[in-house]
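Text of work02.csv (CSV, C-alpha atoms) as supplied:
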chain,number,residue,atom,x,y,z
A,1,MET,CA,85.1,-53.3,65.9
A,2,SER,CA,85.2,-51.7,62.4
A,3,GLU,CA,81.9,-52.1,60.5
A,4,THR,CA,79.2,-50.3,58.7
A,5,ASN,CA,75.7,-51.5,58.3
A,6,ASN,CA,73.6,-49.4,55.9
A,7,ALA,CA,70.5,-51.5,56.1
A,8,PRO,CA,69.6,-51.7,59.8
A,9,GLN,CA,65.9,-52.3,59.2
A,10,GLY,CA,66.4,-55.4,57.0
A,11,PRO,CA,68.0,-58.8,57.6
A,12,LYS,CA,71.4,-58.4,59.1
A,13,LEU,CA,72.7,-61.1,56.7
A,14,LEU,CA,72.0,-58.9,53.8
A,15,SER,CA,73.5,-55.7,55.3
A,16,GLU,CA,76.8,-54.2,54.2
A,17,PHE,CA,80.0,-54.8,56.1
A,18,SER,CA,83.2,-52.8,55.9
A,19,LEU,CA,86.8,-53.5,56.8
A,20,ARG,CA,89.3,-50.8,56.1
A,21,GLY,CA,88.6,-49.6,52.5
A,22,VAL,CA,86.6,-52.6,51.4
A,23,THR,CA,82.8,-52.8,51.7
A,24,LEU,CA,81.0,-56.1,51.2
A,25,LYS,CA,77.4,-56.0,49.9
A,26,ASN,CA,76.3,-58.7,52.3
A,27,ARG,CA,77.7,-60.9,55.2
A,28,MET,CA,78.0,-64.1,53.1
A,29,MET,CA,81.5,-65.4,52.4
A,30,VAL,CA,82.6,-68.3,50.3
A,31,SER,CA,85.2,-70.3,52.3
A,32,PRO,CA,88.5,-71.3,50.6
A,33,MET,CA,87.9,-74.8,49.3
A,34,CYS,CA,90.8,-76.8,47.8
A,35,MET,CA,90.0,-78.2,44.4
A,36,TYR,CA,93.4,-79.9,43.8
A,37,SER,CA,93.0,-79.2,40.1
A,38,ALA,CA,95.9,-76.8,39.3
A,39,LYS,CA,98.9,-77.6,37.2
A,40,ASP,CA,102.3,-76.3,38.5
A,41,GLY,CA,100.3,-74.0,40.7
A,42,PHE,CA,98.4,-72.3,37.8
A,43,ALA,CA,94.7,-71.5,37.9
A,44,ASP,CA,92.7,-72.3,34.7
A,45,ASP,CA,89.2,-72.1,33.4
A,46,PHE,CA,88.0,-74.6,35.9
A,47,HIS,CA,88.9,-72.3,38.7
A,48,LEU,CA,87.3,-69.3,36.9
A,49,VAL,CA,84.0,-71.0,36.4
A,50,HIS,CA,84.0,-72.7,39.8
A,51,LEU,CA,84.5,-69.5,41.7
A,52,GLY,CA,82.6,-67.3,39.3
A,53,ARG,CA,79.4,-69.2,39.9
A,54,PHE,CA,79.4,-68.2,43.6
A,55,ALA,CA,79.7,-64.5,42.7
A,56,LEU,CA,76.8,-64.9,40.2
A,57,GLY,CA,74.9,-66.7,43.0
A,58,GLY,CA,75.0,-63.6,45.3
A,59,ALA,CA,77.9,-64.1,47.7
A,60,GLY,CA,79.4,-60.9,49.0
A,61,LEU,CA,83.0,-62.2,49.3
A,62,VAL,CA,84.5,-65.1,47.4
A,63,PHE,CA,87.7,-66.7,48.5
A,64,VAL,CA,90.1,-68.5,46.3
A,65,GLU,CA,91.3,-71.7,47.8
A,66,ALA,CA,94.5,-72.2,49.9
A,67,THR,CA,97.2,-71.0,47.6
A,68,SER,CA,100.8,-72.0,48.3
A,69,VAL,CA,103.4,-69.4,48.8
A,70,SER,CA,106.2,-71.7,47.7
A,71,SER,CA,106.6,-74.8,45.5
A,72,ASP,CA,107.6,-76.9,48.5
A,73,GLY,CA,104.6,-75.6,50.5
A,74,LYS,CA,101.9,-77.3,48.4
A,75,ILE,CA,99.6,-80.0,49.9
A,76,THR,CA,99.4,-81.8,46.6
A,77,HIS,CA,100.6,-81.4,43.0
A,78,GLY,CA,97.1,-80.0,42.3
A,79,CYS,CA,97.3,-77.0,44.6
A,80,LEU,CA,97.2,-73.4,43.5
A,81,GLY,CA,100.3,-71.3,43.9
A,82,LEU,CA,101.5,-67.7,44.0
A,83,TRP,CA,105.3,-68.3,44.3
A,84,LYS,CA,106.1,-66.8,40.9
A,85,ASP,CA,104.9,-63.8,38.9
A,86,GLU,CA,103.7,-65.9,36.0
A,87,GLN,CA,100.9,-67.2,38.2
A,88,ILE,CA,99.4,-63.8,38.6
A,89,ALA,CA,97.6,-63.4,35.2
A,90,GLN,CA,95.2,-66.3,35.6
A,91,LEU,CA,94.3,-65.2,39.1
A,92,THR,CA,93.7,-61.7,37.8
A,93,ARG,CA,91.0,-63.1,35.4
A,94,ILE,CA,89.3,-64.6,38.5
A,95,ALA,CA,89.4,-61.5,40.6
A,96,ASP,CA,88.2,-59.4,37.7
A,97,PHE,CA,85.2,-61.7,37.0
A,98,LEU,CA,84.3,-61.7,40.7
A,99,HIS,CA,84.3,-57.9,40.7
A,100,GLN,CA,82.2,-57.7,37.5
A,101,SER,CA,79.7,-60.0,39.2
A,102,GLY,CA,79.3,-57.9,42.3
A,103,ALA,CA,81.5,-59.8,44.8
A,104,LYS,CA,84.7,-58.9,46.5
A,105,ALA,CA,87.7,-61.2,45.8
A,106,GLY,CA,89.7,-62.9,48.6
A,107,ILE,CA,92.6,-65.3,48.5
A,108,GLN,CA,94.1,-67.5,51.2
A,109,LEU,CA,97.8,-67.9,51.4
A,110,SER,CA,99.2,-71.1,52.9
A,111,HIS,CA,102.1,-73.4,53.5
A,112,ALA,CA,101.3,-77.1,54.0
A,113,GLY,CA,104.2,-77.9,56.3
A,114,GLY,CA,104.1,-81.5,57.4
A,115,LYS,CA,100.9,-82.2,55.4
A,116,GLY,CA,102.8,-81.5,52.1
A,117,SER,CA,103.8,-84.0,49.5
A,118,SER,CA,100.4,-85.7,49.7
A,119,GLN,CA,98.1,-87.4,47.2
A,120,ARG,CA,94.9,-85.7,46.2
A,121,PRO,CA,91.9,-86.7,48.3
A,122,TRP,CA,90.4,-89.0,45.7
A,123,GLU,CA,93.8,-90.7,45.4
A,124,GLY,CA,94.0,-91.5,49.1
A,125,LEU,CA,95.5,-88.3,50.6
A,126,GLY,CA,98.4,-90.3,51.9
A,127,PRO,CA,102.1,-89.4,51.4
A,128,LEU,CA,103.3,-89.6,47.8
A,129,SER,CA,105.4,-92.7,47.0
A,130,ALA,CA,106.9,-94.5,44.0
A,131,ALA,CA,103.5,-95.8,43.1
A,132,ASP,CA,102.2,-92.2,42.5
A,133,VAL,CA,105.2,-91.5,40.3
A,134,GLU,CA,104.4,-94.6,38.2
A,135,ALA,CA,100.6,-94.0,38.1
A,136,ARG,CA,100.6,-90.2,37.5
A,137,GLY,CA,104.1,-88.9,37.5
A,138,ASP,CA,103.5,-87.3,40.9
A,139,ALA,CA,106.9,-87.4,42.6
A,140,PRO,CA,107.2,-86.7,46.3
A,141,TRP,CA,109.3,-83.7,47.5
A,142,PRO,CA,111.1,-82.9,50.7
A,143,VAL,CA,108.7,-81.8,53.5
A,144,LEU,CA,109.5,-78.9,55.8
A,145,SER,CA,107.7,-79.1,59.1
A,146,VAL,CA,107.8,-77.8,62.7
A,147,THR,CA,109.8,-80.8,63.7
A,148,ASP,CA,111.3,-83.8,61.9
A,149,THR,CA,108.5,-86.1,63.1
A,150,PRO,CA,106.3,-87.3,60.2
A,151,LEU,CA,102.6,-86.4,60.5
A,152,GLN,CA,101.6,-89.3,58.3
A,153,GLN,CA,102.5,-93.0,58.4
A,154,GLY,CA,104.9,-93.8,55.6
A,155,GLN,CA,106.0,-90.2,55.1
A,156,GLU,CA,109.7,-89.8,54.4
A,157,GLY,CA,112.1,-86.9,54.0
A,158,VAL,CA,110.6,-84.7,56.7
A,159,ARG,CA,112.9,-82.0,58.0
A,160,ALA,CA,112.4,-79.4,60.8
A,161,LEU,CA,112.6,-75.8,59.7
A,162,SER,CA,115.8,-74.0,60.5
A,163,GLU,CA,115.8,-70.3,61.3
A,164,ALA,CA,117.0,-69.7,57.7
A,165,ASP,CA,114.1,-71.7,56.4
A,166,MET,CA,111.7,-69.7,58.6
A,167,ASP,CA,113.1,-66.4,57.3
A,168,ARG,CA,112.7,-67.6,53.7
A,169,ILE,CA,109.1,-68.9,54.2
A,170,ALA,CA,108.1,-65.6,55.9
A,171,ASP,CA,109.4,-63.7,52.9
A,172,ASP,CA,107.6,-66.1,50.6
A,173,PHE,CA,104.3,-65.2,52.3
A,174,ALA,CA,105.1,-61.5,52.0
A,175,GLN,CA,106.0,-61.8,48.3
A,176,ALA,CA,102.9,-63.8,47.6
A,177,ALA,CA,100.9,-61.1,49.3
A,178,LYS,CA,102.4,-58.5,46.9
A,179,ARG,CA,101.5,-60.7,44.0
A,180,ALA,CA,97.9,-61.1,45.3
A,181,ASP,CA,97.6,-57.3,45.4
A,182,ARG,CA,98.9,-57.1,41.8
A,183,ALA,CA,96.3,-59.7,40.8
A,184,GLY,CA,93.5,-57.4,42.1
A,185,PHE,CA,92.4,-59.2,45.3
A,186,ASP,CA,90.5,-57.1,47.9
A,187,ILE,CA,91.3,-59.1,51.0
A,188,ILE,CA,93.9,-61.6,52.0
A,189,GLU,CA,93.8,-64.5,54.5
A,190,VAL,CA,96.7,-66.4,56.0
A,191,HIS,CA,96.0,-70.0,56.9
A,192,CYS,CA,96.9,-70.7,60.5
A,193,ALA,CA,94.6,-73.7,61.0
A,194,HIS,CA,94.0,-77.4,60.3
A,195,GLY,CA,97.4,-78.7,61.0
A,196,TYR,CA,99.2,-76.8,58.3
A,197,LEU,CA,102.6,-75.2,58.9
A,198,LEU,CA,101.6,-72.1,61.0
A,199,HIS,CA,99.0,-74.0,63.0
A,200,ALA,CA,101.6,-76.7,63.6
A,201,PHE,CA,103.8,-74.1,65.3
A,202,LEU,CA,101.0,-72.8,67.4
A,203,SER,CA,99.8,-76.2,68.7
A,204,PRO,CA,101.6,-77.8,71.7
A,205,ILE,CA,100.6,-81.2,70.2
A,206,SER,CA,102.8,-80.8,67.1
A,207,ASN,CA,105.3,-78.1,68.3
A,208,LEU,CA,107.9,-80.0,70.4
A,209,ARG,CA,110.8,-77.7,69.5
A,210,GLU,CA,113.2,-76.8,72.3
A,211,ASP,CA,114.4,-73.6,70.8
A,212,GLY,CA,112.9,-70.1,70.9
A,213,PHE,CA,110.1,-71.2,68.5
A,214,GLY,CA,108.6,-73.8,70.8
A,215,GLY,CA,107.9,-74.3,74.4
A,216,ASP,CA,105.4,-71.8,76.0
A,217,LEU,CA,102.7,-70.0,74.1
A,218,GLU,CA,104.9,-67.0,73.4
A,219,GLY,CA,107.5,-69.2,71.8
A,220,ARG,CA,105.0,-71.1,69.7
A,221,MET,CA,103.4,-67.9,68.4
A,222,ARG,CA,106.7,-66.4,67.5
A,223,PHE,CA,107.1,-67.7,63.9
A,224,PRO,CA,103.4,-67.3,62.9
A,225,LEU,CA,103.4,-63.7,64.2
A,226,ASP,CA,106.5,-62.9,62.3
A,227,VAL,CA,104.9,-64.2,59.1
A,228,LEU,CA,101.7,-62.3,59.7
A,229,GLN,CA,103.6,-59.0,60.5
A,230,ARG,CA,105.5,-59.4,57.2
A,231,VAL,CA,102.3,-60.0,55.3
A,232,ARG,CA,100.6,-57.0,56.8
A,233,ALA,CA,103.6,-54.8,55.9
A,234,ALA,CA,103.5,-56.1,52.3
A,235,TRP,CA,99.7,-55.8,51.9
A,236,PRO,CA,98.3,-52.4,51.2
A,237,GLU,CA,97.1,-50.4,54.2
A,238,SER,CA,93.7,-49.8,52.6
A,239,LYS,CA,93.0,-53.6,52.2
A,240,PRO,CA,91.9,-55.9,55.0
A,241,MET,CA,93.7,-59.0,56.2
A,242,SER,CA,92.2,-62.1,57.7
A,243,VAL,CA,93.7,-65.0,59.6
A,244,ARG,CA,92.0,-68.5,59.7
A,245,ILE,CA,92.7,-70.3,63.0
A,246,SER,CA,91.7,-73.6,64.6
A,247,SER,CA,90.0,-72.2,67.6
A,248,VAL,CA,90.6,-75.4,69.5
A,249,ASP,CA,92.6,-78.6,68.7
A,250,GLY,CA,90.1,-81.0,70.3
A,251,VAL,CA,88.5,-81.9,73.6
A,252,ASP,CA,90.7,-80.7,76.5
A,253,VAL,CA,93.8,-81.1,74.5
A,254,GLY,CA,96.4,-79.0,72.8
A,255,TRP,CA,95.5,-75.5,71.6
A,256,THR,CA,92.6,-74.0,73.6
A,257,ILE,CA,90.0,-71.3,73.1
A,258,GLU,CA,91.9,-69.3,75.8
A,259,ASP,CA,95.0,-69.5,73.6
A,260,SER,CA,92.9,-68.4,70.6
A,261,VAL,CA,91.7,-65.3,72.5
A,262,ILE,CA,95.2,-64.4,73.4
A,263,PHE,CA,96.4,-65.0,69.8
A,264,ALA,CA,93.4,-63.0,68.4
A,265,ARG,CA,94.4,-60.0,70.6
A,266,ARG,CA,97.9,-60.2,69.2
A,267,LEU,CA,96.5,-60.3,65.7
A,268,ALA,CA,94.5,-57.2,66.3
A,269,GLY,CA,97.6,-55.5,67.6
A,270,ILE,CA,99.6,-56.1,64.4
A,271,GLY,CA,96.8,-55.0,62.1
A,272,VAL,CA,94.8,-58.1,61.3
A,273,ASP,CA,91.2,-57.1,60.7
A,274,ILE,CA,89.1,-60.3,61.1
A,275,VAL,CA,89.6,-63.8,62.4
A,276,ASP,CA,88.1,-66.8,60.6
A,277,CYS,CA,87.2,-69.2,63.4
A,278,SER,CA,87.4,-72.9,62.5
A,279,SER,CA,88.8,-75.8,64.6
A,280,GLY,CA,90.6,-79.1,64.5
A,281,GLY,CA,93.2,-80.5,62.2
A,282,MET,CA,95.5,-82.4,64.5
A,283,VAL,CA,95.6,-86.2,64.6
A,284,LEU,CA,94.1,-87.1,68.0
A,285,PRO,CA,92.9,-90.1,69.9
A,286,ARG,CA,89.2,-90.7,69.2
A,287,GLU,CA,88.0,-89.6,72.6
A,288,LYS,CA,89.8,-86.3,72.1
A,289,ASN,CA,88.3,-85.5,68.8
A,290,LEU,CA,85.6,-82.8,68.7
A,291,PRO,CA,82.0,-84.0,68.9
A,292,GLN,CA,80.2,-85.0,65.7
A,293,ARG,CA,79.5,-82.0,63.6
A,294,THR,CA,76.2,-80.3,64.0
A,295,PRO,CA,74.9,-77.1,62.3
A,296,GLY,CA,77.0,-74.1,63.3
A,297,PHE,CA,79.3,-76.1,65.4
A,298,HIS,CA,82.2,-73.5,65.2
A,299,LEU,CA,79.9,-70.6,66.1
A,300,PRO,CA,80.4,-70.7,69.9
A,301,TYR,CA,84.2,-70.3,69.4
A,302,ALA,CA,83.7,-67.3,67.1
A,303,GLU,CA,81.3,-65.7,69.6
A,304,ILE,CA,83.9,-66.0,72.4
A,305,ILE,CA,86.8,-64.7,70.3
A,306,ARG,CA,84.6,-61.8,69.1
A,307,ARG,CA,83.6,-60.8,72.6
A,308,GLU,CA,86.9,-61.5,74.4
A,309,ALA,CA,89.4,-60.3,71.8
A,310,ASP,CA,87.2,-57.4,70.5
A,311,ILE,CA,87.9,-58.2,66.9
A,312,PRO,CA,85.5,-59.0,64.0
A,313,VAL,CA,85.1,-62.7,63.3
A,314,VAL,CA,83.9,-65.1,60.6
A,315,GLY,CA,81.6,-67.9,61.8
A,316,VAL,CA,81.8,-71.2,60.0
A,317,GLY,CA,80.8,-74.8,60.4
A,318,LEU,CA,77.8,-76.5,58.7
A,319,ILE,CA,75.9,-73.4,58.1
A,320,ARG,CA,73.2,-74.5,55.7
A,321,ASP,CA,70.1,-72.2,55.8
A,322,ALA,CA,69.2,-68.6,55.7
A,323,ARG,CA,67.6,-68.5,59.2
A,324,GLN,CA,70.6,-70.0,60.8
A,325,ALA,CA,73.0,-67.6,59.0
A,326,GLU,CA,70.8,-64.6,59.9
A,327,ALA,CA,70.7,-65.6,63.6
A,328,ALA,CA,74.5,-65.9,63.7
A,329,ILE,CA,74.9,-62.3,62.6
A,330,ALA,CA,71.8,-60.9,64.4
A,331,GLU,CA,72.7,-62.5,67.7
A,332,GLY,CA,76.3,-61.3,67.6
A,333,CYS,CA,78.0,-64.7,67.1
A,334,ALA,CA,79.8,-63.5,64.0
A,335,ASP,CA,80.3,-60.6,61.6
A,336,LEU,CA,80.4,-62.8,58.5
A,337,VAL,CA,79.2,-66.3,57.9
A,338,ALA,CA,81.4,-68.5,55.7
A,339,VAL,CA,79.8,-71.4,53.7
A,340,ALA,CA,81.6,-74.1,51.7
A,341,ARG,CA,80.0,-77.4,50.9
A,342,GLU,CA,76.4,-76.0,50.9
A,343,LEU,CA,77.6,-73.8,48.1
A,344,LEU,CA,79.0,-76.7,46.2
A,345,PHE,CA,75.5,-78.2,46.4
A,346,ASP,CA,73.8,-74.9,45.5
A,347,PRO,CA,76.0,-72.1,44.1
A,348,ASN,CA,72.9,-69.8,44.3
A,349,TRP,CA,72.7,-70.3,48.1
A,350,ALA,CA,73.3,-66.6,48.9
A,351,ASP,CA,70.6,-65.4,46.6
A,352,ARG,CA,68.2,-68.1,47.9
A,353,CYS,CA,68.9,-66.7,51.4
A,354,ALA,CA,67.7,-63.3,50.2
A,355,LEU,CA,64.5,-64.8,48.9
A,356,GLU,CA,63.9,-66.7,52.1
A,357,LEU,CA,64.5,-63.6,54.3
A,358,THR,CA,62.7,-61.0,52.2
A,359,GLY,CA,60.3,-62.8,50.0
A,360,ALA,CA,59.8,-61.7,46.4
A,361,ALA,CA,61.9,-58.5,46.9
A,362,GLY,CA,64.9,-60.8,47.0
A,363,TRP,CA,64.6,-61.3,43.2
A,364,ASP,CA,66.1,-57.8,42.8
A,365,LEU,CA,69.4,-59.2,44.0
A,366,TRP,CA,69.6,-62.0,41.3
A,367,PRO,CA,71.5,-61.4,38.1
A,368,GLU,CA,69.0,-60.0,35.6
A,369,GLN,CA,70.1,-62.5,32.9
A,370,PHE,CA,68.4,-65.3,34.7
A,371,GLY,CA,66.7,-63.7,37.7
A,372,TRP,CA,63.8,-62.5,35.5
A,373,TRP,CA,63.1,-66.0,34.3
A,374,LEU,CA,63.1,-67.5,37.8
A,375,LYS,CA,60.9,-64.7,39.2
A,376,ARG,CA,58.4,-65.3,36.4
A,377,ARG,CA,58.4,-69.0,37.2
A,378,ALA,CA,58.0,-68.3,40.9
A,379,ARG,CA,55.0,-66.0,40.2
A,380,GLN,CA,53.4,-68.7,38.1
A,381,GLN,CA,54.0,-71.5,40.6
A,382,LYS,CA,53.6,-69.5,43.8
A,383,ASP,CA,57.0,-70.7,44.8
A,384,LEU,CA,60.0,-69.4,46.8
A,385,PHE,CA,58.0,-66.6,48.5
A,386,GLY,CA,57.0,-68.5,51.6
A,387,PRO,CA,53.6,-69.3,52.9
A,388,ASP,CA,53.1,-66.0,54.6
A,389,ARG,CA,54.6,-63.8,51.9
A,390,GLU,CA,53.2,-62.1,48.9
A,391,GLU,CA,54.9,-61.2,45.7
A,392,GLY,CA,56.1,-57.6,45.6
Could you take the file, read its structure, and then write that structure out as structure tokens?
Amino acid sequence: MSETNNAPQGPKLLSEFSLRGVTLKNRMMVSPMCMYSAKDGFADDFHLVHLGRFALGGAGLVFVEATSVSSDGKITHGCLGLWKDEQIAQLTRIADFLHQSGAKAGIQLSHAGGKGSSQRPWEGLGPLSAADVEARGDAPWPVLSVTDTPLQQGQEGVRALSEADMDRIADDFAQAAKRADRAGFDIIEVHCAHGYLLHAFLSPISNLREDGFGGDLEGRMRFPLDVLQRVRAAWPESKPMSVRISSVDGVDVGWTIEDSVIFARRLAGIGVDIVDCSSGGMVLPREKNLPQRTPGFHLPYAEIIRREADIPVVGVGLIRDARQAEAAIAEGCADLVAVARELLFDPNWADRCALELTGAAGWDLWPEQFGWWLKRRARQQKDLFGPDREEG
């Protein structure tokens, strides 16, 4: 595995990590989190402030949310996009601010597939209909999917991808990767998880095609691997590439951890540098759904893939505190830990981890504009150093 760690004596979570020509200042990554707040795919000040606060809060790598590679590949009307050059400038503002604040900038490229043409979550997340046109002007669009079977009840206009469609979408991914490079991003991630288009090809639950893009594992991997190869070719050699996968579909059903290991080995072979190990995304019977979420519930999958496929991995899944995150890195479960909702609750989570793991020395990692105030308060209140720590 490719990595450097220039602080072997301190907490592993705070050590540097390198992939290709990019070095992260620590092992804490902000997961892509859809905000459904774009207009015509364009980022705006909301996205700048939303993502910028995580960089100010100490994260080493901040990912922009799932960003559609084509206008028909959105989940909702509020999804970000990189399907035209005009969308680059606003994303450049974000990447530049992340860099100025000490973080590396990542972006996740995605195609929704059968989950497209949907309402925003707070509107119901069902398929768009005439009622959405009347209420908000949100018209449905034709959905391209692995088959012509709707994924959602009431969904209309679903069409299975032809080979010409697949060629066009693979090129859309490659062109979006070139735009991401022009926008200044350091690392790119392709979304192959959670029931979206590329995962839908991988999973035997959703991929019921009878041509060369379905059937056995090799057939089901064919289109996703073509997309990934084209992205790798379009993305600079000096910049790393990640792939997010659903490590398993559910309990003893569909895509398995053994499939993920095989897929991860193929990813390493085509130049993918790290695998982001999530799970789920398919509609399953209740008894086949994964057990109720517990802290670090994806980490066992990441550990297996890291060991068996010999590729760096991102560990995710209800990681909420510094000790848990440190253990995931120190015990070899993951090379990076990705956090999402905990950062929405506390954007300074990464810097708080530094305090919890190192005591008062952790204040040196906070932005000086407000770190000095908080350090002063902590000194006065004997707070945030821990019962067995002294101020340095």
- Counting all atoms listed in the file, the residue of A:Ser246, A:Arg352, A:Phe17, A:Phe297 that sits nearest A:Asp364: A:Arg352
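Atom pair atom CA of A:Ala66 / atom CA of A:Ile107 has a distance of 7.3 Å (rounded to one decimal).
Shortest separation to A:Ala334 among A:Arg27, A:Arg168, A:Arg20, A:Arg93 occurs at residue A:Arg27, atoms counted being all atoms listed in the file.
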- Residue nearest A:Ile274 - candidates A:Gly315, A:Ala38, A:Pro295, A:Gly212, atoms counted: only C-alpha atoms: A:Gly315
- Counting all atoms listed in the file, what is within 12 Å of A:Asp211, bar same-chain residues fewer than 5 positions away, as a PyMOL selection string? chain A and resi 146-147+160-163+201+216+218-220+222-223
- Note on the structure: Here atom CA of A:Ala164 and atom CA of A:Lys74 stand apart by 19.3 Å
- Item | Counting all atoms listed in the file, the option among A:Met241, A:Ala268, A:Leu82, A:Val30 closest to A:Val62 |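 Looking at the shortest contact to A:Val62, the residue is A:Val30.
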- Compile the contact shell of stretch 124-126 of chain A as number ranges by chain: residues with an atom at most 12 Å away, counting only C-alpha atoms, same-chain residues fewer than 2 positions apart removed. A: 36, 75-78, 114-122, 128-129, 131-132, 140, 150-156
- Name the closest residue to A:His47 among the candidates A:Leu343, A:Leu91, A:Met282, A:Leu61; distances are taken between atoms, counting all atoms listed in the file.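 Nearest candidate to A:His47 out of A:Leu343, A:Leu91, A:Met282, A:Leu61: A:Leu91.
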- Query: So how far away is atom CA of A:Gly271 from atom CA of A:Ala325, in Å?
  - Reply: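 Separating atom CA of A:Ala325 from atom CA of A:Gly271 is a distance of 27.1 Å.
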I'd like the contact shell of stretch 103-106 of chain A - 6 Å cut-off, only C-alpha atoms, skipping same-chain residues fewer than 5 positions apart - returned as a PDB file with C-alpha atoms, keeping the file's coordinate frame.
ATOM      1  CA  ALA A  55      79.700 -64.500  42.700  1.00  0.00           C
ATOM      2  CA  GLY A  60      79.400 -60.900  49.000  1.00  0.00           C
ATOM      3  CA  LEU A  61      83.000 -62.200  49.300  1.00  0.00           C
ATOM      4  CA  VAL A  62      84.500 -65.100  47.400  1.00  0.00           C
ATOM      5  CA  PHE A  63      87.700 -66.700  48.500  1.00  0.00           C
ATOM      6  CA  ALA A  95      89.400 -61.500  40.600  1.00  0.00           C
ATOM      7  CA  LEU A  98      84.300 -61.700  40.700  1.00  0.00           C
ATOM      8  CA  PHE A 185      92.400 -59.200  45.300  1.00  0.00           C
ATOM      9  CA  ASP A 186      90.500 -57.100  47.900  1.00  0.00           C
ATOM     10  CA  ILE A 187      91.300 -59.100  51.000  1.00  0.00           C
ATOM     11  CA  ILE A 188      93.900 -61.600  52.000  1.00  0.00           C
TER      12      ILE A 188
END
- Query: In file coordinates, which residues lie within 6 Å of (89.7, -66.7, 56.9) using only C-alpha atoms, given as a ChimeraX atom specification?
  - Reply: /A:189,242-244,276
- Query: With all atoms listed in the file as the atoms that count, which of A:Ile319, A:Gln369, A:Ala135, A:Pro127 lies nearest to A:Gly57?
  - Reply: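 So, comparing all the options, the nearest one is A:Gln369.
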